[in-house]
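J.: Following this message is one structure expressed as structure tokens.
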Protein chains: 2
Amino acid sequence: MSYNDDQGDQERRKRMSCGLQIDCPINIQECLLSSSNDGYHFIVTHVVHPNYARFTSNKELSKIISRTDRILTGNDWNRLIVGILSHVNVDSEVKHIREHSRKIFLQELGFSSHLGLPAVMLSIHQRRNSNLAQILYNKFIIGTNYQVWIVLPIVHPTQFSPICTEDERENAWEWWNDLRRYCNFDKRLGLALEMTESDHMPTDLELQRWAGEPVKAVILPTSLFKLNQHKQPVLPRVHQDVVQKFLSIDVQYIIKGPVLNGTTYRQYNSYVHFLGKKLYQSSAMTEFVKGCEDYLQNPLQPLTEHLETMIYEVFERDQVKYVEYQRAIQKALEDLSSDIEIPVIMVVGAGRGPLVQATINASLIVQRKVKIYAVEKNPYAINTLEDRVQNEWGNQVTLVNEDMRTYNPPEMADILVSELLGSFGDNELSPECLDGAQRFLKRTGISIPCSYTSFLAPFQSTKIFNEIRTNRPHDKSLETVYETPYVVHLVNYYQMAQSKELFTFIHPNWDENKTNERYKSLKFTCPQNCLLTGFLGFFETVLYKDVTLSINPQTHSTNMVSWFPIVFPLHEPVQMYEGNSIEISFWRCESTDKVWYEWCLEAPIRGSIMNPSGRSYFIKKH
Amino acid sequence: MSYNDDQGDQERRKRMSCGLQIDCPINIQECLLSSSNDGYHFIVTHVVHPNYARFTSNKELSKIISRTDRILTGNDWNRLIVGILSHVNVDSEVKHIREHSRKIFLQELGFSSHLGLPAVMLSIHQRRNSNLAQILYNKFIIGTNYQVWIVLPIVHPTQFSPICTEDERENAWEWWNDLRRYCNFDKRLGLALEMTESDHMPTDLELQRWAGEPVKAVILPTSLFKLNQHKQPVLPRVHQDVVQKFLSIDVQYIIKGPVLNGTTYRQYNSYVHFLGKKLYQSSAMTEFVKGCEDYLQNPLQPLTEHLETMIYEVFERDQVKYVEYQRAIQKALEDLSSDIEIPVIMVVGAGRGPLVQATINASLIVQRKVKIYAVEKNPYAINTLEDRVQNEWGNQVTLVNEDMRTYNPPEMADILVSELLGSFGDNELSPECLDGAQRFLKRTGISIPCSYTSFLAPFQSTKIFNEIRTNRPHDKSLETVYETPYVVHLVNYYQMAQSKELFTFIHPNWDENKTNERYKSLKFTCPQNCLLTGFLGFFETVLYKDVTLSINPQTHSTNMVSWFPIVFPLHEPVQMYEGNSIEISFWRCESTDKVWYEWCLEAPIRGSIMNPSGRSYFIKKH
């Protein structure tokens, strides 16, 4: 029983990884042991113990760097220790300080590498860090194994300092942004954000931007904790909100500072784990997406590649979607003239039959007999459908193993039901398929869906930018992988403006001059300095009358999990300033055998057109 | 207590994965459930149940292929079912049989892909399989997820058939070899070898060759089992020997055929697991190499890249090596003239000090005081050594943080101790380093090691061939990765001849015209038809007099784990025939800043010279 309870707990909370910062422990083995007993997963400590002072008068570094590496096993150094680098200034304007700092800094990086530390941490104390960046980027390029975590306060102290004028106020994010730009957004460079006092907290907008950065750790000074009525240390509400914000990212927490008010380190650790349980909101969506976070998927090509059992199963698991379809079919059936004795409903792209089932359910609810055609081109899905006809549905369902675009039915349909929408609405060629299928829809007939609209929004995510370049297949150029859209469950990103409508398609469309080519330009306003790394795509669809589905954040259907957003990247992150007008041109293009998108940043700076003539990405029609 | 016992068991046996072949179960869910209850990890069954006969008279395939995919979840299809494909002949000389077979075969492959099966299995019944290969290679190229296991008897029945003449005897390995050559050795193509009767077993040579092939499964027909005195089914000794042979490869076992003599399927399964426990020989080596099997490592470049804590730790763990060094130092000390009051011993490349410790041990054993210099260029290792001087060794050890090639010592050494050998002996530039260091060795002094010799042997491993091409980094060409040697703990390979001596280096070497450049050509005889994919390199060294270390298979030091063999690949596997003379030319070349090897197959066919001027691989001197 208790075992099962534990399992439930695991599922309902976020696993929190928590470390303890002990600057200079007398005995590092004992420190590891006691912090592990207190529930900590790692410790954060100076790479060089201050006993080993190396700032000798003649500026030559001592040969003795620090404690012997043999005090711990390589495995422990590699898993349990995050190293703090000494505070030196490699960007000092004083030459000899700069040069001596550089020697010390390089020696400590070398020693960290020798120990095999997973990460080193260092603070920056000024905006200009070109020499620091030059050293770090060099290390990244020759291949370091450690991550580098830059320690910054989540709000710079000058922001709230009474002695600073407006000109003197520094912004921690700008410092970070400059530094990582020098290092070409290298993924080994991350952030350790230190939480500030509750009356010096970032605005919601600033917090959203931090959540789009590679935050590796959040530092929680013990001085921020208050005692609750049980004498336990707890964080004020404002700090909890920040923790909540970072919950979906893979952030580690670091407790720093002395134990205060008669508490123990064990209590701080327990509280962090308690927070993970308290703040984690489990839902159909959070369960469904586990393991997909920021993972790039290529959009499906269902017209040219047969879907497989696993994919059908994932689709069919989304109950929200099929309940809405059933409601739409029911309403459409209710609206059909009673002159029609037995309505003909054609499900085009029937798959393994969920929409056939929804249609049968609706017909039972409205107590109106229907005749169903299930049209499906995938021969292996037909195999499944045949079994359902024989064992579940009987002869009210007629199976047709053909492409809807060429099928010639024996009669015309009153209702045409399909689920051909991708993350961007039309990107799996629903317009082309339904234009073909409407040949056998009566002029008075209904298409479910009736219409769908794509949406776009600008966003920042160096995580996605890095995922694209590091996962490049051998046979593709960098240009190609950046001109390709990806379906992603985004987690580590910042959407900088509300999405706006792009293209709409309506079905049936009896216009003889209709085209599915489109062009539109959209404008957004940038609310704060940030990086534009691409655009997010969503869709909304009207199935019938007031029955809709949406993955657009403003109107997202509750608990619907079938679609993740689509990402249209740019070749390079583009610096944006508060108040900038962001403009994008977007095209949907078509040739005899394929459909593709092109996109181009128009403002604040003009980029080149991405994916001209579909050279890098297209959807095959055949 | 029992928990610990279990853990011990896990370590002392090989994990055996065992499946049950049930050609056409009436109910596949029940079959899965009962075989899982009997301890089986998967079942092997026909993709198309014979109830769904598709061989209709008009040669049109039926739309109904097999049972509905909904009888199992996608996850079960994907993990628990290996599919047997119907016996058709896509290589028939009769056109309509060939074409109809092709349709059926493609349909079943498509259905297997639809189900998401991990592997499909098919038998071949003739030597020529070009059409089969053409279909499979096409599928591999467009990207299938399933493996294809070719079922073959481990010895072809014609080999022992009384009605076959010598000309009519077929060799199963030749059939396989032809098929996989068509498919460019694709790693998704594997073998399911069916065990034959105990009086129709392969020769030891044939078995060695099979063990160098990608054998994915061994099929054990129940008819091969005998009952022991407890009425349990057991395999005869000859079959156990075959299982033993495949134990180090990741092979799965498949029980096939009816239960016989009142046994149960559960008993066959238990017996296979028992065999894993009985036959697995645990040793220092098997424990040490876990997880390294057939994994490519780049040779170290210790002259230009500092070794790190983890690597030093791995080295130091090899007790055999340091015991032998200690013995050698002891013997050398005993041989030193008693005129020398306090012998000077220089450990060059001291690392974290294991050879310093061995020297101190030897000096204590022979009760002769020594003065030790520990020369080490890595500043981070010096940090460790300093700690050992202060806390363990005292002032009998002098630390020198310099490169041995340029160091100027205050006195001359009686003994020079080093461990600079790589898997190929000289490949970490021991000759160049010791030539430099002997400047401070007395003319009467001793070098430990005194000499070392590299060895070469031809081998077959399409596994390694595939590892090299699939792990190619973005910035390297195929040519480059095949011209690079790798250090590998080889498991899935066949060494086709005993190794032969290549290059020898002797220290000290007072010859004024000495060079470390070398050339030699070696000849081997091929004992049976096979594929040559490259050459294996080993070394032997004489530390002092009769104290030696070796990783050459003929003379391998017992339980020494520090070195894996080195592999010199070829661009393409080369077909070899029984009796062929295999000849290779090998060069060690040197320029001012680097050392490299070149190698070239001379016979039976002449290849181009690999790695000319060290274009793809070299060892940097600085």
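Letters for chains follow the order of the structure tokens (A, B, ...), residue numbers begin at 1 for each chain, and ligand numbers begin at 1 in the order shown.
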May I have the residues within 12 Å of stretch 553-560 of chain A as a VMD selection string, using only C-alpha atoms and disregarding those fewer than 6 positions away in the same chain?

T.: chain A and resid 282 to 289 315 to 324 455 to 457 495 497 to 501 536 to 542 547

J.: Find the residues near B:Pro612: any atom within 9 Å, counting only C-alpha atoms, skip ones fewer than 4 places away on the same chain, and give them as a list in words.

T.: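 Those residues are Tyr597, Glu598, Trp599 and Ser616 of chain B.
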
J.: Export, as a PDB file, in the first residue's frame, the selected residues with all heavy atoms.

T.:
ATOM      1  N   TYR B 597      51.328   6.536 -38.423  1.00  0.00           N
ATOM      2  CA  TYR B 597      51.454   5.250 -39.089  1.00  0.00           C
ATOM      3  C   TYR B 597      50.800   5.326 -40.459  1.00  0.00           C
ATOM      4  O   TYR B 597      49.817   6.039 -40.644  1.00  0.00           O
ATOM      5  CB  TYR B 597      50.754   4.142 -38.289  1.00  0.00           C
ATOM      6  CG  TYR B 597      51.283   3.998 -36.883  1.00  0.00           C
ATOM      7  CD1 TYR B 597      50.548   4.462 -35.805  1.00  0.00           C
ATOM      8  CD2 TYR B 597      52.511   3.409 -36.648  1.00  0.00           C
ATOM      9  CE1 TYR B 597      51.032   4.345 -34.508  1.00  0.00           C
ATOM     10  CE2 TYR B 597      53.003   3.282 -35.351  1.00  0.00           C
ATOM     11  CZ  TYR B 597      52.257   3.755 -34.287  1.00  0.00           C
ATOM     12  OH  TYR B 597      52.742   3.640 -33.017  1.00  0.00           O
ATOM     13  N   GLU B 598      51.336   4.547 -41.384  1.00  0.00           N
ATOM     14  CA  GLU B 598      50.657   4.309 -42.653  1.00  0.00           C
ATOM     15  C   GLU B 598      50.593   2.809 -42.826  1.00  0.00           C
ATOM     16  O   GLU B 598      51.448   2.084 -42.320  1.00  0.00           O
ATOM     17  CB  GLU B 598      51.413   4.967 -43.810  1.00  0.00           C
ATOM     18  CG  GLU B 598      51.515   6.478 -43.648  1.00  0.00           C
ATOM     19  CD  GLU B 598      52.319   7.162 -44.753  1.00  0.00           C
ATOM     20  OE1 GLU B 598      52.473   6.570 -45.847  1.00  0.00           O
ATOM     21  OE2 GLU B 598      52.787   8.287 -44.519  1.00  0.00           O
ATOM     22  N   TRP B 599      49.549   2.335 -43.470  1.00  0.00           N
ATOM     23  CA  TRP B 599      49.450   0.895 -43.678  1.00  0.00           C
ATOM     24  C   TRP B 599      48.782   0.618 -45.013  1.00  0.00           C
ATOM     25  O   TRP B 599      48.064   1.484 -45.540  1.00  0.00           O
ATOM     26  CB  TRP B 599      48.722   0.202 -42.523  1.00  0.00           C
ATOM     27  CG  TRP B 599      47.317   0.664 -42.247  1.00  0.00           C
ATOM     28  CD1 TRP B 599      46.159   0.047 -42.606  1.00  0.00           C
ATOM     29  CD2 TRP B 599      46.915   1.833 -41.503  1.00  0.00           C
ATOM     30  NE1 TRP B 599      45.063   0.752 -42.154  1.00  0.00           N
ATOM     31  CE2 TRP B 599      45.499   1.853 -41.470  1.00  0.00           C
ATOM     32  CE3 TRP B 599      47.611   2.886 -40.871  1.00  0.00           C
ATOM     33  CZ2 TRP B 599      44.761   2.854 -40.831  1.00  0.00           C
ATOM     34  CZ3 TRP B 599      46.870   3.891 -40.236  1.00  0.00           C
ATOM     35  CH2 TRP B 599      45.480   3.858 -40.223  1.00  0.00           C
ATOM     36  N   SER B 616      45.097  11.849 -41.845  1.00  0.00           N
ATOM     37  CA  SER B 616      43.880  11.614 -41.062  1.00  0.00           C
ATOM     38  C   SER B 616      44.159  11.407 -39.581  1.00  0.00           C
ATOM     39  O   SER B 616      43.314  11.677 -38.739  1.00  0.00           O
ATOM     40  CB  SER B 616      43.160  10.374 -41.590  1.00  0.00           C
ATOM     41  OG  SER B 616      42.767  10.561 -42.920  1.00  0.00           O
TER      42      SER B 616
END

J.: Residues within 7 Å of stretch 339-350 of chain B, please, as a PDB file with N, CA, C and O atoms, in the first residue's frame. Count only C-alpha atoms; anything in the same chain fewer than 4 positions from it doesn't count.

T.:
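Once written, result_25.pdb looks like this:
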ATOM      1  N   LEU B 355      54.092   4.591  -9.860  1.00  0.00           N
ATOM      2  CA  LEU B 355      55.433   4.024 -10.049  1.00  0.00           C
ATOM      3  C   LEU B 355      56.396   4.511  -8.967  1.00  0.00           C
ATOM      4  O   LEU B 355      57.351   3.818  -8.621  1.00  0.00           O
ATOM      5  N   VAL B 356      56.144   5.701  -8.420  1.00  0.00           N
ATOM      6  CA  VAL B 356      56.950   6.177  -7.294  1.00  0.00           C
ATOM      7  C   VAL B 356      56.702   5.233  -6.112  1.00  0.00           C
ATOM      8  O   VAL B 356      57.633   4.780  -5.438  1.00  0.00           O
ATOM      9  N   LYS B 369      68.336   2.017   0.406  1.00  0.00           N
ATOM     10  CA  LYS B 369      67.834   3.378   0.350  1.00  0.00           C
ATOM     11  C   LYS B 369      67.977   3.907  -1.089  1.00  0.00           C
ATOM     12  O   LYS B 369      68.971   3.601  -1.760  1.00  0.00           O
ATOM     13  N   VAL B 370      67.001   4.665  -1.575  1.00  0.00           N
ATOM     14  CA  VAL B 370      67.094   5.227  -2.924  1.00  0.00           C
ATOM     15  C   VAL B 370      66.719   6.698  -2.880  1.00  0.00           C
ATOM     16  O   VAL B 370      66.049   7.159  -1.949  1.00  0.00           O
ATOM     17  N   LYS B 371      67.142   7.408  -3.918  1.00  0.00           N
ATOM     18  CA  LYS B 371      66.716   8.796  -4.082  1.00  0.00           C
ATOM     19  C   LYS B 371      65.852   8.848  -5.340  1.00  0.00           C
ATOM     20  O   LYS B 371      66.289   8.402  -6.410  1.00  0.00           O
ATOM     21  N   ILE B 372      64.660   9.365  -5.192  1.00  0.00           N
ATOM     22  CA  ILE B 372      63.710   9.311  -6.314  1.00  0.00           C
ATOM     23  C   ILE B 372      63.428  10.718  -6.834  1.00  0.00           C
ATOM     24  O   ILE B 372      63.155  11.641  -6.062  1.00  0.00           O
ATOM     25  N   TYR B 373      63.499  10.858  -8.166  1.00  0.00           N
ATOM     26  CA  TYR B 373      62.996  12.067  -8.817  1.00  0.00           C
ATOM     27  C   TYR B 373      61.705  11.685  -9.523  1.00  0.00           C
ATOM     28  O   TYR B 373      61.670  10.707 -10.272  1.00  0.00           O
ATOM     29  N   ALA B 374      60.636  12.436  -9.283  1.00  0.00           N
ATOM     30  CA  ALA B 374      59.371  12.205  -9.989  1.00  0.00           C
ATOM     31  C   ALA B 374      59.181  13.344 -10.981  1.00  0.00           C
ATOM     32  O   ALA B 374      58.953  14.488 -10.588  1.00  0.00           O
ATOM     33  N   VAL B 375      59.321  13.031 -12.273  1.00  0.00           N
ATOM     34  CA  VAL B 375      59.232  14.058 -13.317  1.00  0.00           C
ATOM     35  C   VAL B 375      57.857  13.962 -13.977  1.00  0.00           C
ATOM     36  O   VAL B 375      57.468  12.895 -14.460  1.00  0.00           O
ATOM     37  N   GLU B 376      57.132  15.059 -13.963  1.00  0.00           N
ATOM     38  CA  GLU B 376      55.766  15.035 -14.507  1.00  0.00           C
ATOM     39  C   GLU B 376      55.446  16.410 -15.056  1.00  0.00           C
ATOM     40  O   GLU B 376      55.608  17.411 -14.371  1.00  0.00           O
ATOM     41  N   MET B 404      60.110  15.622 -19.648  1.00  0.00           N
ATOM     42  CA  MET B 404      61.335  14.825 -19.528  1.00  0.00           C
ATOM     43  C   MET B 404      62.283  15.061 -20.705  1.00  0.00           C
ATOM     44  O   MET B 404      63.477  14.819 -20.613  1.00  0.00           O
ATOM     45  N   ALA B 413      70.875   9.448 -13.467  1.00  0.00           N
ATOM     46  CA  ALA B 413      70.070   8.382 -12.877  1.00  0.00           C
ATOM     47  C   ALA B 413      70.710   7.015 -13.084  1.00  0.00           C
ATOM     48  O   ALA B 413      71.373   6.768 -14.089  1.00  0.00           O
ATOM     49  N   ASP B 414      70.484   6.133 -12.106  1.00  0.00           N
ATOM     50  CA  ASP B 414      70.890   4.731 -12.263  1.00  0.00           C
ATOM     51  C   ASP B 414      69.775   3.926 -12.919  1.00  0.00           C
ATOM     52  O   ASP B 414      70.033   2.993 -13.665  1.00  0.00           O
ATOM     53  N   ILE B 415      68.550   4.280 -12.577  1.00  0.00           N
ATOM     54  CA  ILE B 415      67.397   3.583 -13.178  1.00  0.00           C
ATOM     55  C   ILE B 415      66.386   4.630 -13.631  1.00  0.00           C
ATOM     56  O   ILE B 415      66.107   5.598 -12.912  1.00  0.00           O
ATOM     57  N   LEU B 416      65.871   4.412 -14.843  1.00  0.00           N
ATOM     58  CA  LEU B 416      64.857   5.299 -15.415  1.00  0.00           C
ATOM     59  C   LEU B 416      63.579   4.470 -15.525  1.00  0.00           C
ATOM     60  O   LEU B 416      63.565   3.460 -16.237  1.00  0.00           O
ATOM     61  N   VAL B 417      62.522   4.857 -14.806  1.00  0.00           N
ATOM     62  CA  VAL B 417      61.285   4.076 -14.840  1.00  0.00           C
ATOM     63  C   VAL B 417      60.192   4.890 -15.522  1.00  0.00           C
ATOM     64  O   VAL B 417      60.009   6.066 -15.211  1.00  0.00           O
ATOM     65  N   SER B 418      59.490   4.260 -16.461  1.00  0.00           N
ATOM     66  CA  SER B 418      58.425   4.992 -17.160  1.00  0.00           C
ATOM     67  C   SER B 418      57.287   4.047 -17.513  1.00  0.00           C
ATOM     68  O   SER B 418      57.486   2.834 -17.608  1.00  0.00           O
TER      69      SER B 418
END

J.: Give me, please, the distance in Å between atom CA of A:Phe503 and atom CA of A:Cys589, quoted to one decimal.

T.: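 If I compute the distance from atom CA of A:Phe503 to atom CA of A:Cys589, I get 12.3 Å.
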
J.: What does the distance between atom CA of B:Gly425 and atom CA of B:Phe568 come to in Å, to one decimal place?

T.: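 It comes out at 14.2 Å.
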
J.: From the list A:Glu194, A:Asp387, A:Glu99, A:Glu578, which residue is nearest chain B when using only C-alpha atoms?

T.: A:Asp387
